[in-house]
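Pasting final_14.cif here (mmCIF, C-alpha atoms):
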```cif
data_structure
loop_
_atom_site.label_atom_id
_atom_site.label_comp_id
_atom_site.auth_asym_id
_atom_site.auth_seq_id
_atom_site.Cartn_x
_atom_site.Cartn_y
_atom_site.Cartn_z
CA MET A 66 -49.81 -6.07 28.02
CA PRO A 67 -46.60 -4.66 26.59
CA GLU A 68 -46.53 -4.10 22.88
CA ALA A 69 -45.45 -7.13 20.93
CA ILE A 70 -43.08 -5.43 18.50
CA PRO A 71 -39.73 -3.89 19.49
CA SER A 72 -40.34 -0.29 20.45
CA THR A 73 -38.28 2.71 19.39
CA ALA A 74 -36.78 2.79 22.89
CA ALA A 75 -35.39 -0.71 22.38
CA TYR A 76 -33.66 0.40 19.18
CA LEU A 77 -32.29 3.51 20.90
CA MET A 78 -30.89 1.43 23.76
CA LEU A 79 -29.24 -0.98 21.32
CA SER A 80 -27.72 1.91 19.39
CA GLY A 81 -26.52 3.51 22.64
CA THR A 82 -24.85 0.23 23.63
CA LEU A 83 -23.08 -0.07 20.27
CA PHE A 84 -21.97 3.58 20.48
CA ALA A 85 -20.53 3.09 23.98
CA ILE A 86 -18.67 -0.05 22.85
CA GLY A 87 -17.23 1.84 19.89
CA LEU A 88 -16.16 4.72 22.14
CA VAL A 89 -14.40 2.34 24.52
CA GLY A 90 -12.66 0.76 21.53
CA VAL A 91 -11.44 4.13 20.24
CA ILE A 92 -9.98 5.03 23.64
CA ILE A 93 -8.44 1.79 24.88
CA ARG A 94 -6.97 0.19 21.75
CA ARG A 95 -3.43 0.91 20.54
CA ASN A 96 -3.72 -0.72 17.11
CA MET A 97 -4.72 2.04 14.70
CA ILE A 98 -6.70 -0.25 12.36
CA THR A 99 -8.86 -1.41 15.27
CA VAL A 100 -9.39 2.21 16.33
CA LEU A 101 -10.69 2.99 12.82
CA MET A 102 -13.01 -0.05 13.01
CA ALA A 103 -14.38 1.23 16.33
CA VAL A 104 -15.13 4.58 14.66
CA GLU A 105 -17.12 2.72 11.98
CA LEU A 106 -19.00 0.96 14.78
CA MET A 107 -19.99 4.31 16.29
CA MET A 108 -21.22 5.56 12.90
CA ASN A 109 -23.37 2.43 12.57
CA ALA A 110 -24.90 3.09 15.99
CA VAL A 111 -25.87 6.59 14.87
CA ASN A 112 -27.39 5.13 11.69
CA ILE A 113 -29.60 2.77 13.74
CA ASN A 114 -30.80 5.78 15.73
CA LEU A 115 -31.67 7.75 12.59
CA VAL A 116 -33.52 4.88 10.93
CA ALA A 117 -35.49 4.12 14.12
CA PHE A 118 -36.65 7.73 14.39
CA SER A 119 -37.43 7.81 10.66
CA HIS A 120 -39.83 4.92 11.26
CA ARG A 121 -41.23 6.46 14.44
CA PHE A 122 -42.11 9.78 12.82
CA ALA A 123 -42.96 8.26 9.39
CA SER A 124 -40.52 10.59 7.64
CA LEU A 125 -37.87 9.84 5.05
CA GLU A 126 -35.30 12.37 6.26
CA GLY A 127 -33.66 9.88 8.61
CA GLN A 128 -32.99 7.41 5.82
CA ILE A 129 -31.62 10.14 3.53
CA PHE A 130 -29.19 11.27 6.21
CA THR A 131 -28.19 7.65 6.84
CA ILE A 132 -27.18 7.38 3.19
CA PHE A 133 -25.08 10.55 3.49
CA ILE A 134 -23.44 9.21 6.67
CA ILE A 135 -22.54 5.98 4.85
CA THR A 136 -20.95 8.11 2.08
CA VAL A 137 -18.90 10.07 4.60
CA ALA A 138 -17.87 6.84 6.36
CA ALA A 139 -16.57 5.42 3.08
CA GLY A 140 -14.44 8.51 2.40
CA GLU A 141 -13.20 8.60 5.98
CA ALA A 142 -12.17 4.93 5.86
CA ALA A 143 -10.24 5.47 2.61
CA VAL A 144 -8.31 8.51 3.87
CA GLY A 145 -7.73 6.99 7.33
CA LEU A 146 -6.34 3.76 5.88
CA ALA A 147 -4.05 5.76 3.56
CA ILE A 148 -2.72 7.62 6.60
CA ILE A 149 -2.18 4.29 8.41
CA ILE A 150 -0.20 2.91 5.44
CA GLN A 151 1.97 6.04 5.33
CA LEU A 152 2.55 5.84 9.10
CA TYR A 153 3.58 2.20 8.75
CA ARG A 154 6.07 3.14 6.01
CA LEU A 155 7.56 5.93 8.12
CA LYS A 156 7.67 4.27 11.55
CA SER A 157 7.18 0.52 10.86
CA THR A 158 4.40 0.49 13.45
CA ILE A 159 0.69 1.23 13.60
CA ASN A 160 0.65 1.83 17.33
CA VAL A 161 -1.23 5.01 18.17
CA ASP A 162 1.06 5.78 21.09
CA GLU A 163 4.15 5.71 18.86
CA ALA A 164 2.92 8.51 16.60
CA ARG A 165 3.95 11.32 18.90
CA SER A 166 6.53 13.28 16.94
CA MET A 167 4.28 16.36 17.17
CA ASN A 168 4.30 15.97 20.98
CA GLY A 169 0.54 15.77 21.14
CA MET B 1445 -43.33 -13.21 22.12
CA SER B 1446 -43.97 -12.06 18.59
CA PRO B 1447 -41.60 -13.11 15.80
CA GLU B 1448 -40.45 -9.50 15.29
CA LEU B 1449 -39.46 -9.14 18.92
CA LEU B 1450 -37.68 -12.49 18.77
CA VAL B 1451 -35.71 -11.47 15.66
CA PHE B 1452 -34.83 -8.14 17.27
CA ALA B 1453 -33.61 -9.85 20.46
CA VAL B 1454 -31.48 -12.40 18.60
CA ILE B 1455 -30.02 -9.92 16.10
CA GLY B 1456 -29.38 -7.29 18.78
CA THR B 1457 -27.59 -9.80 21.00
CA ILE B 1458 -25.42 -10.97 18.11
CA ALA B 1459 -24.62 -7.35 17.16
CA VAL B 1460 -23.58 -6.38 20.69
CA ALA B 1461 -21.52 -9.56 21.18
CA ALA B 1462 -19.78 -9.16 17.81
CA SER B 1463 -18.99 -5.49 18.46
CA ILE B 1464 -17.47 -6.38 21.85
CA LEU B 1465 -15.33 -8.97 20.05
CA VAL B 1466 -14.30 -6.33 17.45
CA ILE B 1467 -12.62 -4.21 20.09
CA SER B 1468 -11.19 -7.12 22.08
CA MET B 1469 -9.50 -9.25 19.39
CA ARG B 1470 -5.72 -9.07 19.14
CA ASN B 1471 -5.53 -9.94 15.45
CA PRO B 1472 -7.02 -7.19 13.20
CA VAL B 1473 -8.25 -9.80 10.70
CA HIS B 1474 -10.50 -11.33 13.37
CA SER B 1475 -11.68 -7.85 14.33
CA ALA B 1476 -12.55 -7.14 10.70
CA LEU B 1477 -14.57 -10.35 10.36
CA PHE B 1478 -16.56 -9.62 13.53
CA LEU B 1479 -17.11 -6.08 12.25
CA LEU B 1480 -18.58 -7.63 9.11
CA LEU B 1481 -20.99 -9.66 11.29
CA THR B 1482 -22.03 -6.48 13.10
CA PHE B 1483 -22.69 -4.69 9.79
CA LEU B 1484 -24.91 -7.52 8.57
CA CYS B 1485 -26.90 -7.49 11.84
CA VAL B 1486 -27.38 -3.73 11.52
CA ALA B 1487 -28.62 -4.23 7.95
CA VAL B 1488 -31.28 -6.66 9.27
CA LEU B 1489 -32.34 -4.03 11.83
CA PHE B 1490 -32.67 -1.45 9.02
CA VAL B 1491 -34.93 -3.77 7.03
CA MET B 1492 -37.07 -4.38 10.13
CA LYS B 1493 -37.59 -0.64 10.48
CA GLY B 1494 -38.91 -0.26 6.95
CA ALA B 1495 -35.65 1.01 5.43
CA GLU B 1496 -35.01 -1.64 2.79
CA PHE B 1497 -32.92 0.58 0.53
CA VAL B 1498 -30.64 1.70 3.35
CA GLY B 1499 -30.24 -1.94 4.38
CA ALA B 1500 -29.15 -2.87 0.86
CA VAL B 1501 -26.74 0.09 0.75
CA GLN B 1502 -25.37 -1.00 4.12
CA VAL B 1503 -24.60 -4.49 2.78
CA LEU B 1504 -23.14 -3.20 -0.51
CA VAL B 1505 -21.04 -0.31 0.78
CA TYR B 1506 -20.02 -1.45 4.26
CA ALA B 1507 -19.86 -5.22 3.91
CA GLY B 1508 -18.73 -5.08 0.28
CA GLY B 1509 -16.55 -2.00 0.02
CA ILE B 1510 -15.22 -0.78 3.34
CA MET B 1511 -14.53 -4.27 4.70
CA VAL B 1512 -12.49 -5.17 1.60
CA LEU B 1513 -10.52 -1.94 2.08
CA PHE B 1514 -9.82 -2.82 5.72
CA LEU B 1515 -8.74 -6.36 4.85
CA PHE B 1516 -6.45 -5.09 2.08
CA VAL B 1517 -4.70 -2.74 4.49
CA VAL B 1518 -4.39 -5.49 7.10
CA MET B 1519 -2.71 -7.63 4.45
CA LEU B 1520 -0.42 -4.79 3.29
CA ILE B 1521 0.72 -4.19 6.85
CA ASN B 1522 2.28 -7.46 7.82
CA VAL B 1523 0.68 -8.22 11.16
CA ARG B 1524 3.10 -11.01 12.06
CA HIS B 1525 6.05 -8.65 11.91
CA LEU B 1526 4.50 -6.21 14.33
CA PRO B 1527 6.03 -6.36 17.78
CA ASP B 1528 4.01 -8.46 20.16
CA GLU B 1529 2.98 -5.75 22.53
CA LYS B 1530 0.19 -4.87 24.88
CA VAL B 1531 -3.27 -4.57 23.37
CA LEU B 1532 -4.57 -2.02 25.85
CA SER B 1533 -3.53 1.60 25.87
CA ASN B 1534 -2.08 3.24 28.97
CA PHE B 1535 -5.32 4.96 29.93
CA TRP B 1536 -7.63 1.96 29.52
CA LYS B 1537 -9.21 2.56 32.93
CA GLY B 1538 -10.34 6.03 31.86
CA GLY B 1539 -11.61 4.56 28.60
CA PHE B 1540 -13.81 2.01 30.34
CA ALA B 1541 -15.07 4.72 32.73
CA VAL B 1542 -16.02 7.04 29.87
CA GLY B 1543 -17.73 4.19 28.01
CA LEU B 1544 -19.71 3.15 31.08
CA ALA B 1545 -20.74 6.76 31.72
CA VAL B 1546 -21.95 7.20 28.13
CA PHE B 1547 -23.82 3.88 28.28
CA ILE B 1548 -25.58 4.82 31.54
CA LEU B 1549 -26.41 8.24 30.09
CA PHE B 1550 -28.04 6.73 26.99
CA VAL B 1551 -29.94 4.05 28.90
CA THR B 1552 -31.36 6.52 31.41
CA LEU B 1553 -32.30 8.91 28.60
CA VAL B 1554 -34.26 6.35 26.62
CA ARG B 1555 -35.53 4.13 29.42
CA PRO B 1556 -38.50 1.99 28.37
CA GLY B 1557 -41.68 3.99 28.41
CA VAL B 1558 -40.29 7.22 27.03
CA TYR B 1559 -41.04 6.38 23.42
CA HIS B 1560 -43.94 4.03 23.91
CA ASP B 1561 -46.23 4.92 21.10
CA PRO B 1562 -48.55 3.29 18.65
CA VAL B 1563 -46.30 2.46 15.73
CA PRO B 1564 -47.39 4.54 12.74
CA SER B 1565 -47.90 2.89 9.39
CA ASP B 1566 -44.79 3.00 7.23
CA LYS B 1567 -46.86 4.12 4.25
CA ALA B 1568 -45.03 7.47 4.24
CA LEU B 1569 -41.70 5.65 3.95
CA ARG B 1570 -42.72 4.05 0.68
CA SER B 1571 -44.95 6.60 -0.98
CA THR B 1572 -43.93 8.74 -3.89
CA TYR B 1573 -45.79 11.34 -5.91
CA THR B 1574 -46.24 12.61 -9.42
CA TYR B 1575 -47.32 15.98 -10.75
CA ARG B 1576 -50.13 16.36 -13.26
CA HIS B 1577 -51.72 19.26 -15.02
CA ARG B 1578 -55.46 19.41 -14.78
CA LYS B 1579 -57.89 21.83 -16.29
CA VAL B 1580 -59.78 23.71 -13.62
CA LYS B 1581 -62.84 25.82 -14.26
CA ASN B 1582 -62.72 29.04 -12.28
CA PRO B 1583 -65.88 30.66 -10.85
CA ASP B 1584 -65.65 33.49 -13.39
CA GLY B 1585 -65.85 31.06 -16.30
CA THR B 1586 -62.19 30.98 -17.36
CA VAL B 1587 -60.39 27.65 -17.63
CA THR B 1588 -56.83 27.38 -16.31
CA ARG B 1589 -54.36 24.57 -16.00
CA LYS B 1590 -53.43 23.72 -12.45
CA LEU B 1591 -50.56 21.62 -11.16
CA ILE B 1592 -51.84 18.80 -9.00
CA ARG B 1593 -49.71 16.56 -6.83
CA ARG B 1594 -50.84 13.00 -6.70
CA GLY B 1595 -49.38 10.52 -4.24
CA LYS B 1596 -49.04 6.82 -4.77
CA VAL B 1597 -47.67 4.03 -2.66
CA ALA B 1598 -44.64 2.35 -4.20
CA GLY B 1599 -41.47 0.78 -2.85
CA ASN B 1600 -39.04 2.18 -0.33
CA SER B 1601 -36.29 2.52 -2.98
CA GLU B 1602 -38.57 4.61 -5.17
CA ALA B 1603 -39.52 6.89 -2.28
CA VAL B 1604 -35.87 7.37 -1.25
CA ALA B 1605 -34.87 8.08 -4.85
CA MET B 1606 -37.70 10.62 -5.18
CA ALA B 1607 -36.54 12.46 -2.06
CA LEU B 1608 -32.85 12.19 -3.00
CA TYR B 1609 -33.25 13.57 -6.52
CA THR B 1610 -35.68 16.35 -5.71
CA ASP B 1611 -35.47 17.75 -2.18
CA TYR B 1612 -31.89 16.66 -1.48
CA LEU B 1613 -30.34 17.14 -4.93
CA VAL B 1614 -27.70 19.66 -3.82
CA PRO B 1615 -26.44 17.58 -0.84
CA PHE B 1616 -26.36 14.60 -3.19
CA GLU B 1617 -24.07 16.41 -5.64
CA VAL B 1618 -21.93 17.72 -2.78
CA ALA B 1619 -21.54 14.11 -1.60
CA SER B 1620 -20.23 13.12 -5.03
CA LEU B 1621 -17.71 15.98 -4.86
CA PHE B 1622 -16.75 14.82 -1.37
CA LEU B 1623 -16.07 11.31 -2.66
CA LEU B 1624 -13.88 12.72 -5.45
CA VAL B 1625 -11.87 14.77 -2.93
CA ALA B 1626 -11.53 11.75 -0.61
CA MET B 1627 -10.30 9.60 -3.49
CA ILE B 1628 -7.68 12.15 -4.56
CA GLY B 1629 -6.64 12.64 -0.93
CA ALA B 1630 -6.25 8.91 -0.33
CA ILE B 1631 -4.12 8.52 -3.50
CA VAL B 1632 -1.89 11.49 -2.65
CA ILE B 1633 -1.42 10.45 0.98
CA GLY B 1634 -0.90 6.78 0.21
CA LYS B 1635 1.56 7.08 -2.68
CA ARG B 1636 5.17 6.29 -2.09
CA GLU B 1637 8.28 8.24 -3.06
CA LEU B 1638 10.68 5.96 -4.95
CA SER B 1639 14.20 5.57 -3.66
CA ALA B 1640 17.21 6.06 -5.97
CA SER B 1641 17.83 2.35 -6.51
CA GLU B 1642 14.18 1.76 -7.31
CA GLU B 1643 14.16 4.60 -9.77
CA GLU B 1644 16.94 2.94 -11.76
CA ASN B 1645 14.87 -0.20 -12.10
CA ILE B 1646 11.83 1.47 -13.59
CA PRO B 1647 10.97 -0.25 -16.87
CA ALA B 1648 11.75 1.84 -19.92
CA TYR B 1649 8.19 1.88 -21.19
CA MET B 1650 7.06 3.72 -18.06
CA LEU B 1651 9.52 6.54 -18.67
CA GLU B 1652 8.73 6.96 -22.36
CA ARG B 1653 6.64 9.92 -23.13
CA SER B 1654 3.58 9.26 -25.16
CA GLU B 1655 3.41 10.42 -28.74
CA THR B 1656 0.46 12.64 -28.08
CA GLU B 1657 2.49 14.54 -25.50
CA HIS B 1658 5.21 15.11 -28.10
CA GLU B 1659 2.65 16.30 -30.59
CA ILE B 1660 1.12 18.66 -28.09
CA LYS B 1661 4.54 20.12 -27.26
CA GLU B 1662 5.36 20.58 -30.94
CA ALA B 1663 2.04 22.25 -31.53
CA MET B 1664 2.63 24.55 -28.57
CA SER B 1665 6.10 25.60 -29.74
CA ALA B 1666 5.00 26.10 -33.32
#
```

Encoded form using C-alpha cells:
Amino acid sequence: MPEAIPSTAAYLMLSGTLFAIGLVGVIIRRNMITVLMAVELMMNAVNINLVAFSHRFASLEGQIFTIFIITVAAGEAAVGLAIIIQLYRLKSTINVDEARSMNG
Amino acid sequence: MSPELLVFAVIGTIAVAASILVISMRNPVHSALFLLLTFLCVAVLFVMKGAEFVGAVQVLVYAGGIMVLFLFVVMLINVRHLPDEKVLSNFWKGGFAVGLAVFILFVTLVRPGVYHDPVPSDKALRSTYTYRHRKVKNPDGTVTRKLIRRGKVAGNSEAVAMALYTDYLVPFEVASLFLLVAMIGAIVIGKRELSASEEENIPAYMLERSETEHEIKEAMSA
C-alpha cells in the first residue's frame, strides 16, 4: 500500500517541472518582462524544494532560507523592472534580441 | 485517495498548467495574471508542508508586492504600441531541448521511491524555547545558578521568528541592507533625465530652495 500523503519525491518532481518550465521560458521568450516572470517561476520552484526538505528533515533552516530567497527575488524584480523601463526609453522596445549594442 | 493527496494533485496540476501559460501568453498582462495563480498554488503547497509563515509571506510579498510591480511596468510600457512580432526567440529549439533535458534529469534523480520515508512529526517546525535560570545544588554543597533551555510547542510563526532573530540575526540585517541597496539602485536606474523643453516647464515651487537650506548656507559661511 503506497503512503496516502504526498511524499517528498512528489514535491521534488513538481518543483523540478516548474523549474524546467521557467528555464524554457527564460530561453525561448523575446519579451523581457516575460523573461523576468520566468525567473520568478524558477525561484518559486527552488522555494518548494527547500520547504519540502525542511519538512522531511524536521528542520527550520529550509524555511529561513526561503524567506531570504523571497527577499532577494523582490530586490531583483525591482532592479530588473527599472532596467526594462530604461531600455524601453532608450530603444522603444523590450525585445531581448534588440539589446545588442554591446555585441554580446 | 486521501484528501491531502487529492489537494496536492489538484494544486500541482493547476500550478504546472498556469506556469506553462505564463511562458506561452503573448500579452504580458495575461502572463502576469497566470503567474499570480501559480504563486497562490505554491503558497498552498507551503502550508501543506507545515510552513504557514512562509506561505503567508509568499502571498503578501509575491502576490501583493511583486505582481503589482510587474503590472505597473506592463502599464508604463504601452504594450499595444509594441511591434507585433514573433513571440519565440531564434534559438527556441535549443531552449526546448535544454528544458526537456533538465526535466528528465530532475525526474530521474528523484524518481518515486528515493525519498520514501515515514513522515516525521512537524513538531520541530513549530517549537520554540526559552531560557531560565535555576538554582542547582552541586555535590560539594555549593549552590550555583544554571541556565536551562526549555522547549515548548507554539506556532510556526513563533518558531521562525525565534530562529530568525537569534541564529540568523546577521543574515537578517544583511537582507535589510540588501533591500536598501536594491531600492536606491532601482531609483537611480529608473529615473529619467529631463530634456531642455521639459526643464523650462518645471513649476517654480520645485526649483525654489527651501529656507532651511538657505539658513544652513548662511550658517556655514558665517

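Taking CA of Ala1541 (chain B) and CA of Asn1471 (chain B) as the two end points, the separation is 24.6 Å.
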
Subject >> Neighbour list for Val144 (chain A) as a ChimeraX atom specification, cut-off 9 Å, only C-alpha atoms, skip fewer than 5 positions in-chain >> reply: /A:139,149 /B:1626-1627,1629-1631,1633-1634

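Atom pair CA of Asn114 (chain A) / CA of Val1473 (chain B): separated by 27.9 Å.
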
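With distances taken over all atoms listed in the file, A:Leu146 is the one residue among A:Ala74, A:Ala103, A:Val137, A:Leu146 lying closest to Leu1513 (chain B).
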
Subject >> Closest of B:Ala1500, B:Val1551, B:Ala1462, B:Ala1605 to chain A - atom-to-atom distances counting all atoms listed in the file >> reply: B:Val1551

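Every protein, DNA or RNA residue with an atom at most 9 Å from Ile1455 (chain B), where all atoms listed in the file count and chain neighbours fewer than 2 positions away do not, is listed here: Leu1450, Val1451, Phe1452, Ala1453, Thr1457, Ile1458, Ala1459, Val1460, Cys1485, Val1486, Val1488 and Leu1489 of chain B.
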
Taking C-alpha atoms for each residue, export the selection above as a PDB file, keeping the file's coordinate frame.
```
ATOM      1  CA  LEU B1450     -37.680 -12.490  18.770  1.00  0.00           C
ATOM      2  CA  VAL B1451     -35.710 -11.470  15.660  1.00  0.00           C
ATOM      3  CA  PHE B1452     -34.830  -8.140  17.270  1.00  0.00           C
ATOM      4  CA  ALA B1453     -33.610  -9.850  20.460  1.00  0.00           C
ATOM      5  CA  THR B1457     -27.590  -9.800  21.000  1.00  0.00           C
ATOM      6  CA  ILE B1458     -25.420 -10.970  18.110  1.00  0.00           C
ATOM      7  CA  ALA B1459     -24.620  -7.350  17.160  1.00  0.00           C
ATOM      8  CA  VAL B1460     -23.580  -6.380  20.690  1.00  0.00           C
ATOM      9  CA  CYS B1485     -26.900  -7.490  11.840  1.00  0.00           C
ATOM     10  CA  VAL B1486     -27.380  -3.730  11.520  1.00  0.00           C
ATOM     11  CA  VAL B1488     -31.280  -6.660   9.270  1.00  0.00           C
ATOM     12  CA  LEU B1489     -32.340  -4.030  11.830  1.00  0.00           C
TER      13      LEU B1489
END
```

Subject >> Who sits within 6 Å of region 157-161 of chain A, all atoms listed in the file, same chain under 3 positions skipped, as a PyMOL selection string >> reply: chain A and resi 95-97+153-154+164

Original post:
If I put a ball of radius 10 Å at (-22.3, 7.5, 8.9) in the file's coordinates, which residues poke into it when counting all atoms listed in the file, written as a PyMOL selection string?
Top reply: chain A and resi 104-113+130-139+141

Create the file for the chosen residues now, containing C-alpha atoms and written as an mmCIF file, in the frame of the given file.
```cif
data_model
loop_
_atom_site.group_PDB
_atom_site.id
_atom_site.type_symbol
_atom_site.label_atom_id
_atom_site.label_comp_id
_atom_site.auth_asym_id
_atom_site.auth_seq_id
_atom_site.Cartn_x
_atom_site.Cartn_y
_atom_site.Cartn_z
ATOM 1 C CA VAL A 104 -15.130 4.580 14.660
ATOM 2 C CA GLU A 105 -17.120 2.720 11.980
ATOM 3 C CA LEU A 106 -19.000 0.960 14.780
ATOM 4 C CA MET A 107 -19.990 4.310 16.290
ATOM 5 C CA MET A 108 -21.220 5.560 12.900
ATOM 6 C CA ASN A 109 -23.370 2.430 12.570
ATOM 7 C CA ALA A 110 -24.900 3.090 15.990
ATOM 8 C CA VAL A 111 -25.870 6.590 14.870
ATOM 9 C CA ASN A 112 -27.390 5.130 11.690
ATOM 10 C CA ILE A 113 -29.600 2.770 13.740
ATOM 11 C CA PHE A 130 -29.190 11.270 6.210
ATOM 12 C CA THR A 131 -28.190 7.650 6.840
ATOM 13 C CA ILE A 132 -27.180 7.380 3.190
ATOM 14 C CA PHE A 133 -25.080 10.550 3.490
ATOM 15 C CA ILE A 134 -23.440 9.210 6.670
ATOM 16 C CA ILE A 135 -22.540 5.980 4.850
ATOM 17 C CA THR A 136 -20.950 8.110 2.080
ATOM 18 C CA VAL A 137 -18.900 10.070 4.600
ATOM 19 C CA ALA A 138 -17.870 6.840 6.360
ATOM 20 C CA ALA A 139 -16.570 5.420 3.080
ATOM 21 C CA GLU A 141 -13.200 8.600 5.980
#
```

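Evaluated on this file, the PyMOL selection byres ((chain B and resi 1535) around 12) matches A:Val89, A:Gly90, A:Val91, A:Ile92, A:Ile93, A:Arg94, A:Arg95, A:Asp162, B:Val1531, B:Leu1532, B:Ser1533, B:Asn1534, B:Trp1536, B:Lys1537, B:Gly1538, B:Gly1539, B:Phe1540, B:Ala1541, B:Val1542.
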
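Take the candidates B:Leu1520, B:Leu1544, B:Val1512, B:Ala1476 and check each one against Gly81 (chain A) using all atoms listed in the file; the shortest distance goes to B:Leu1544.
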
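On the file presented, the PyMOL selection byres ((chain B and resi 1514) around 9) picks out A:Ile98, A:Met102, A:Ala142, A:Ala143, A:Leu146, B:Val1473, B:Ala1476, B:Gly1509, B:Ile1510, B:Met1511, B:Val1512, B:Leu1513, B:Leu1515, B:Phe1516, B:Val1517, B:Val1518, B:Met1519.
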
Original post:
What is the CA of Ala1648 (chain B) to CA of Val1632 (chain B) distance in Å?
Top reply: 24.0 Å

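The shortest atom-to-atom distance to chain A, with all atoms listed in the file taken into account, belongs to B:Lys1635 out of B:Lys1635, B:His1658, B:Lys1581, B:Arg1589.
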
Original post:
Looking at B:Thr1588, B:Thr1574, B:Asn1645, B:Thr1610, which one is nearest to chain A, with distances taken over all atoms listed in the file?
Top reply: B:Thr1610

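The smallest atom-to-atom distance between Phe118 (chain A) and any of B:Leu1480, B:Ala1619, B:Leu1569, B:Ala1663, using only C-alpha atoms, is found for B:Leu1569.
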
Axis-aligned box over every listed atom of region 1539-1547 of chain B, padded by 4 Å per side: centre and edges in Å to one decimal, as JSON?
```
{"center_x": -17.7, "center_y": 4.6, "center_z": 30.4, "size_x": 20.2, "size_y": 13.2, "size_z": 12.7}
```

Original post:
Skipping near chain neighbours, those fewer than 5 positions away, what residues fall within 8 Å of Leu1484 (chain B) using all atoms listed in the file, listed as an MDAnalysis selection string?
Top reply: chainID B and resid 1502:1503 1507
